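**Student:** One structure, as structure tokens, below. Some questions next.
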Amino acid sequence: MNLALLSSEIQQFINDHLKEDPTKLLLKHKEVSGIPFAEIIEQIQAKVKCEKKLPTWFHTENIYYPNKLNIEQTSSEKTATYKATFLKGNSLIDLTGGFGVDCYAFSKHFLKVTHCEISSKLSEIVTHNYKVLNVDNVEAVSQNGIQYLQDQQQKYDCIYIDPSRRNDIKGKVFLLEDCLPDVVTHQQLLLEHSDTILIKTSPLLDITNGLRVLKHVKEVHVVAVQNEVKELLWLLDKNIETEDVLIKTVNLTNKKNDFFSFMLSAENFDVDYALPMKYLYEPNAAIMKAGGFSSIANGYQLKKLHQHSHLYTSNELISFPGRRFEIQKILPYTKKIIKKELNLTKANITTRNFPESVSTIRKKLSLTDGGDDFLFLTTVFTGKKVVIHCLKA
């Protein structure tokens, strides 16, 4: 850490230039008060990324920031707060502490939290920031978390771990075994030191594959922010021996949080199908990722348009964890009929279980993006391709 970056003069400079183009700033300055400008610009870029993602850090004076990559990789304050709400106790250890956002949230629910971080530089930064944030129940340990656990006999009320994908793993599909630390290999070690394990993974991980390799899974949480899935949380309980798992979904938004839970076994239930009625429903991204397609239909007593369309309908408007629309027209998918019946130049287009892409459809129908009109192009249970014209309900 370069403590000179925390001087009042440099901190004022950082705050005065948060909205400026970093490239232009680099051309103007080589140093400020004897500090190389590269170090200052690193603080500026990292702090800018915290404004919405980590507002507590952004609005606290004298926070020291790591490089912006560390900020990009850390949990958001919203997701950290969520995961801390269903855990509490005397002691928790975070084996992959990073910038310390999750530990900060856990510190409000545990008497003592241990933050393990293999990077001594990042561990030093976290220690400083906790002092600034008036957090006095987190101990920062600059060591590999797995090695730290292996070297001691202590048991914890909870172990938290956020394995990252190895750099040489390419493509969008990956396995837990492809991550570091390898939680699959170290499962027994983790369970020897705690009965409760919480694992955070990327939303790219396939839930079925995760359940295949992890033992004692009690719950899987699918966490979305503003309808974008950000992380999967795997809650392991050493005392649980069941093949059925509770899936919890949450969509954290600025207005309200939508929750929906279902047992994995419930996805074996049949659902009723129907043609579009008065209202159309599209589940939020967390439910879609979780695969709760039958459960959402049964839970809200909705009819489904098609087994693979994942759109739902009813004649009465209901509260729903996702988008709700009032149907205006239902048309066959033919260019001539659509242009004649709708006469639109602009529309929001969504495809579900449909053979053509949104870009192809836009070009074919000469439609720009946006406006108040929504077009859902999908296949209904009879096998026909249709266009459902909607307005938000």
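FYI, nothing fancy with the structure tokens labels: chains A, B, ... in order, residues from 1 per chain, ligands from 1 as they appear.
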I'd like to know which residues of range 98-305 of chain A are alpha helix (DSSP H) (by DSSP, run on the backbone); could you write them as a compact mmCIF listing (two decimals) with N, CA and C atoms, in the first residue's frame?

**Tutor:**
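And here is the file that came out, result.txt:
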```txt
# COMPACT_ATOMS: atom_id res chain seq x y z
N VAL A 101 -15.89 -7.85 0.71
CA VAL A 101 -17.28 -7.39 0.71
C VAL A 101 -18.19 -8.40 1.41
N ASP A 102 -18.01 -9.68 1.10
CA ASP A 102 -18.84 -10.70 1.74
C ASP A 102 -18.57 -10.76 3.24
N CYS A 103 -17.29 -10.68 3.63
CA CYS A 103 -16.96 -10.71 5.06
C CYS A 103 -17.57 -9.52 5.80
N TYR A 104 -17.61 -8.39 5.14
CA TYR A 104 -18.22 -7.20 5.75
C TYR A 104 -19.69 -7.49 6.08
N ALA A 105 -20.39 -8.13 5.14
CA ALA A 105 -21.79 -8.47 5.38
C ALA A 105 -21.92 -9.54 6.46
N PHE A 106 -21.06 -10.55 6.41
CA PHE A 106 -21.11 -11.62 7.42
C PHE A 106 -20.80 -11.09 8.82
N SER A 120 -0.94 -10.86 -0.18
CA SER A 120 -0.62 -10.05 1.00
C SER A 120 -0.99 -8.59 0.78
N LYS A 121 -0.87 -8.11 -0.46
CA LYS A 121 -1.21 -6.72 -0.76
C LYS A 121 -2.70 -6.48 -0.56
N LEU A 122 -3.52 -7.41 -1.08
CA LEU A 122 -4.97 -7.25 -0.96
C LEU A 122 -5.40 -7.42 0.50
N SER A 123 -4.75 -8.33 1.23
CA SER A 123 -5.07 -8.53 2.64
C SER A 123 -4.78 -7.26 3.44
N GLU A 124 -3.68 -6.59 3.11
CA GLU A 124 -3.33 -5.34 3.78
C GLU A 124 -4.36 -4.25 3.49
N ILE A 125 -4.81 -4.19 2.24
CA ILE A 125 -5.83 -3.21 1.85
C ILE A 125 -7.12 -3.45 2.62
N VAL A 126 -7.53 -4.72 2.70
CA VAL A 126 -8.77 -5.08 3.41
C VAL A 126 -8.68 -4.71 4.89
N THR A 127 -7.53 -4.97 5.51
CA THR A 127 -7.33 -4.64 6.92
C THR A 127 -7.50 -3.14 7.15
N HIS A 128 -6.91 -2.35 6.27
CA HIS A 128 -7.05 -0.89 6.36
C HIS A 128 -8.51 -0.47 6.22
N ASN A 129 -9.19 -1.01 5.21
CA ASN A 129 -10.56 -0.58 4.93
C ASN A 129 -11.52 -0.95 6.06
N TYR A 130 -11.30 -2.11 6.70
CA TYR A 130 -12.16 -2.49 7.82
C TYR A 130 -12.03 -1.50 8.98
N LYS A 131 -10.82 -1.00 9.19
CA LYS A 131 -10.63 0.02 10.23
C LYS A 131 -11.41 1.28 9.90
N VAL A 132 -11.34 1.67 8.64
CA VAL A 132 -12.05 2.87 8.18
C VAL A 132 -13.56 2.67 8.30
N GLY A 145 -6.40 -20.02 1.91
CA GLY A 145 -7.45 -20.42 2.84
C GLY A 145 -7.48 -21.91 3.11
N ILE A 146 -7.31 -22.73 2.07
CA ILE A 146 -7.32 -24.18 2.24
C ILE A 146 -6.15 -24.61 3.10
N GLN A 147 -4.97 -24.03 2.84
CA GLN A 147 -3.78 -24.38 3.64
C GLN A 147 -3.96 -23.96 5.08
N TYR A 148 -4.55 -22.78 5.29
CA TYR A 148 -4.82 -22.28 6.65
C TYR A 148 -5.72 -23.25 7.40
N LEU A 149 -6.74 -23.77 6.71
CA LEU A 149 -7.67 -24.72 7.33
C LEU A 149 -6.97 -26.04 7.67
N GLN A 150 -6.09 -26.48 6.76
CA GLN A 150 -5.38 -27.75 6.97
C GLN A 150 -4.42 -27.68 8.15
N GLN A 187 -13.96 -31.29 -0.27
CA GLN A 187 -15.23 -31.36 0.46
C GLN A 187 -15.07 -31.94 1.86
N GLN A 188 -14.34 -33.04 1.97
CA GLN A 188 -14.19 -33.71 3.27
C GLN A 188 -13.47 -32.80 4.26
N LEU A 189 -12.44 -32.09 3.80
CA LEU A 189 -11.72 -31.16 4.66
C LEU A 189 -12.67 -30.07 5.18
N LEU A 190 -13.48 -29.51 4.29
CA LEU A 190 -14.41 -28.45 4.68
C LEU A 190 -15.39 -28.95 5.73
N LEU A 191 -15.92 -30.16 5.52
CA LEU A 191 -16.93 -30.71 6.42
C LEU A 191 -16.33 -31.14 7.77
N GLU A 192 -15.02 -31.36 7.80
CA GLU A 192 -14.36 -31.66 9.07
C GLU A 192 -14.26 -30.42 9.96
N HIS A 193 -14.28 -29.25 9.33
CA HIS A 193 -14.10 -28.01 10.08
C HIS A 193 -15.41 -27.24 10.27
N ILE A 207 -26.61 -26.26 -12.70
CA ILE A 207 -27.08 -26.70 -11.38
C ILE A 207 -27.07 -28.22 -11.26
N THR A 208 -27.46 -28.91 -12.30
CA THR A 208 -27.48 -30.38 -12.26
C THR A 208 -26.08 -30.94 -12.04
N ASN A 209 -25.09 -30.35 -12.72
CA ASN A 209 -23.71 -30.81 -12.55
C ASN A 209 -23.21 -30.54 -11.13
N GLY A 210 -23.59 -29.38 -10.59
CA GLY A 210 -23.19 -29.04 -9.22
C GLY A 210 -23.75 -30.03 -8.21
N LEU A 211 -25.02 -30.38 -8.38
CA LEU A 211 -25.65 -31.34 -7.47
C LEU A 211 -25.06 -32.73 -7.62
N ARG A 212 -24.52 -33.01 -8.78
CA ARG A 212 -23.93 -34.33 -9.02
C ARG A 212 -22.65 -34.53 -8.21
N VAL A 213 -21.87 -33.46 -8.03
CA VAL A 213 -20.56 -33.62 -7.40
C VAL A 213 -20.50 -33.15 -5.94
N ALA A 285 -35.23 -13.79 -14.48
CA ALA A 285 -34.05 -14.54 -14.90
C ALA A 285 -33.62 -15.58 -13.87
N ALA A 286 -33.82 -15.31 -12.59
CA ALA A 286 -33.43 -16.27 -11.55
C ALA A 286 -34.25 -17.55 -11.65
N ILE A 287 -35.55 -17.41 -11.89
CA ILE A 287 -36.43 -18.59 -12.02
C ILE A 287 -36.08 -19.36 -13.28
N MET A 288 -35.78 -18.63 -14.36
CA MET A 288 -35.41 -19.29 -15.61
C MET A 288 -34.13 -20.10 -15.43
N LYS A 289 -33.13 -19.51 -14.75
CA LYS A 289 -31.88 -20.23 -14.52
C LYS A 289 -32.11 -21.45 -13.63
N ALA A 290 -32.99 -21.30 -12.63
CA ALA A 290 -33.25 -22.39 -11.69
C ALA A 290 -34.03 -23.54 -12.33
N PHE A 293 -39.88 -24.37 -13.99
CA PHE A 293 -40.92 -24.13 -14.99
C PHE A 293 -42.27 -24.73 -14.64
N SER A 294 -42.26 -25.93 -14.07
CA SER A 294 -43.52 -26.53 -13.63
C SER A 294 -43.97 -25.92 -12.31
N SER A 295 -43.02 -25.66 -11.43
CA SER A 295 -43.34 -25.13 -10.10
C SER A 295 -43.97 -23.76 -10.16
N ILE A 296 -43.51 -22.91 -11.08
CA ILE A 296 -44.08 -21.57 -11.17
C ILE A 296 -45.50 -21.63 -11.70
N ALA A 297 -45.77 -22.57 -12.61
CA ALA A 297 -47.13 -22.74 -13.13
C ALA A 297 -48.06 -23.23 -12.04
N ASN A 298 -47.64 -24.24 -11.30
CA ASN A 298 -48.49 -24.80 -10.24
C ASN A 298 -48.61 -23.84 -9.06
N GLY A 299 -47.51 -23.16 -8.72
CA GLY A 299 -47.53 -22.26 -7.58
C GLY A 299 -48.45 -21.07 -7.77
```

**Student:** What's the 12 Å shell around Leu25 in chain A, counting only C-alpha atoms, without same-chain residues fewer than 5 positions away, as a JSON list (two decimals) with C-alpha atoms, in the first residue's frame?

**Tutor:**
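The resulting file, out.json, is shown below:
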```json
[["chain", "number", "residue", "atom", "x", "y", "z"],
["A", 13, "PHE", "CA", -7.90, 15.00, -6.56],
["A", 14, "ILE", "CA", -9.42, 11.51, -6.92],
["A", 16, "ASP", "CA", -12.62, 15.76, -8.31],
["A", 17, "HIS", "CA", -11.77, 13.61, -11.35],
["A", 18, "LEU", "CA", -14.11, 10.60, -11.01],
["A", 19, "LYS", "CA", -16.17, 11.58, -14.04],
["A", 20, "GLU", "CA", -13.27, 12.38, -16.36],
["A", 30, "LYS", "CA", 2.67, 12.15, -15.07],
["A", 31, "GLU", "CA", 2.49, 12.56, -11.32],
["A", 32, "VAL", "CA", 0.63, 14.45, -8.60],
["A", 37, "PHE", "CA", -0.14, 9.03, -11.90],
["A", 38, "ALA", "CA", -0.61, 5.37, -12.80],
["A", 40, "ILE", "CA", -3.75, 7.50, -8.86],
["A", 41, "ILE", "CA", -5.64, 6.52, -12.00],
["A", 42, "GLU", "CA", -5.93, 2.97, -10.60],
["A", 44, "ILE", "CA", -9.96, 6.54, -9.69],
["A", 45, "GLN", "CA", -11.00, 3.67, -11.98]]
```

**Student:** Ranking A:Glu39, A:Glu282, A:Asp151, A:Asp258 by minimum distance to Val223 in chain A and counting only C-alpha atoms, which one comes first?

**Tutor:** A:Asp258

**Student:** Taking the chain letters and numbering used in this document, name the residues of range 47-183 of chain A that DSSP puts in strand (DSSP E or B), as a PyMOL selection string.

**Tutor:** chain A and resi 89-94+110-116+138-141+156+158-161+164-165+179-180

**Student:** In Å, rounded to a single decimal, give me how far CA of Asp369 in chain A is from CA of Arg324 in chain A.

**Tutor:**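 The value is 19.2 Å.
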
**Student:** So, counting only C-alpha atoms, which residue among A:Tyr333, A:Phe325, A:Phe374, A:Phe260 is closest to Asn348 in chain A?

**Tutor:**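 Closest candidate: A:Phe374.
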
**Student:** Please identify all polymer residues within 9 Å of range 195-198 of chain A, counting only C-alpha atoms, omitting same-chain residues fewer than 2 positions from it, and present them as an MDAnalysis selection string.

**Tutor:** chainID A and resid 155:162 190:193 200 233:239

**Student:** Quick one: everything within 6 Å of Gly97 in chain A, counting only C-alpha atoms, minus sequence neighbours fewer than 2 positions away in the same chain. Send it as a list in words.

**Tutor:** Asp94, Leu95, Gly100, His115, Cys116 and Glu117 of chain A

**Student:** For the residues in that selection, give me N, CA and C atoms as a PDB file, in the first residue's frame.

**Tutor:**
```pdb
ATOM      1  N   ASP A  94     -13.970 -17.137   5.804  1.00  0.00           N
ATOM      2  CA  ASP A  94     -14.047 -16.955   4.357  1.00  0.00           C
ATOM      3  C   ASP A  94     -12.687 -17.359   3.802  1.00  0.00           C
ATOM      4  N   LEU A  95     -12.660 -18.460   3.042  1.00  0.00           N
ATOM      5  CA  LEU A  95     -11.387 -19.005   2.567  1.00  0.00           C
ATOM      6  C   LEU A  95     -10.846 -18.273   1.345  1.00  0.00           C
ATOM      7  N   GLY A 100     -13.145  -8.351   0.439  1.00  0.00           N
ATOM      8  CA  GLY A 100     -13.761  -8.355   1.762  1.00  0.00           C
ATOM      9  C   GLY A 100     -15.202  -7.901   1.839  1.00  0.00           C
ATOM     10  N   HIS A 115     -10.948 -13.685   7.572  1.00  0.00           N
ATOM     11  CA  HIS A 115     -10.832 -13.357   6.148  1.00  0.00           C
ATOM     12  C   HIS A 115      -9.483 -13.860   5.644  1.00  0.00           C
ATOM     13  N   CYS A 116      -9.487 -14.923   4.837  1.00  0.00           N
ATOM     14  CA  CYS A 116      -8.251 -15.457   4.272  1.00  0.00           C
ATOM     15  C   CYS A 116      -8.059 -14.934   2.852  1.00  0.00           C
ATOM     16  N   GLU A 117      -6.893 -14.419   2.567  1.00  0.00           N
ATOM     17  CA  GLU A 117      -6.594 -13.906   1.230  1.00  0.00           C
ATOM     18  C   GLU A 117      -5.128 -14.180   0.920  1.00  0.00           C
TER      19      GLU A 117
END
```

**Student:** Which residue, A:Asn353, A:Asn257, A:Thr79, A:Thr360, has the smallest gap to His306 in chain A when you use only C-alpha atoms?

**Tutor:**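 Of the candidates, the smallest distance to His306 in chain A is held by A:Asn353.
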
**Student:** Near Leu280 in chain A, counting only C-alpha atoms, which residues have an atom at most 9 Å away, once you skip same-chain residues fewer than 2 positions from it, shown as a CSV table (one decimal) with C-alpha atoms, in the first residue's frame?

**Tutor:**
```csv
chain,number,residue,atom,x,y,z
A,276,PRO,CA,-52.8,-17.3,-24.7
A,277,MET,CA,-55.6,-15.8,-22.6
A,278,LYS,CA,-55.9,-12.2,-21.4
A,282,GLU,CA,-42.5,-14.2,-18.2
A,311,LEU,CA,-44.4,-18.4,-21.0
A,312,TYR,CA,-47.6,-18.5,-18.9
A,313,THR,CA,-51.1,-17.1,-19.2
A,314,SER,CA,-54.3,-16.4,-17.3
A,317,LEU,CA,-54.1,-10.5,-13.5
A,323,ARG,CA,-42.8,-9.4,-16.2
A,324,ARG,CA,-46.6,-9.2,-16.7
A,325,PHE,CA,-48.3,-8.2,-19.9
A,326,GLU,CA,-51.8,-7.6,-21.2
A,327,ILE,CA,-52.3,-9.3,-24.5
A,388,ILE,CA,-48.3,-12.2,-29.2
A,390,CYS,CA,-48.7,-7.1,-25.6
A,393,ALA,CA,-49.8,-4.8,-17.3
```
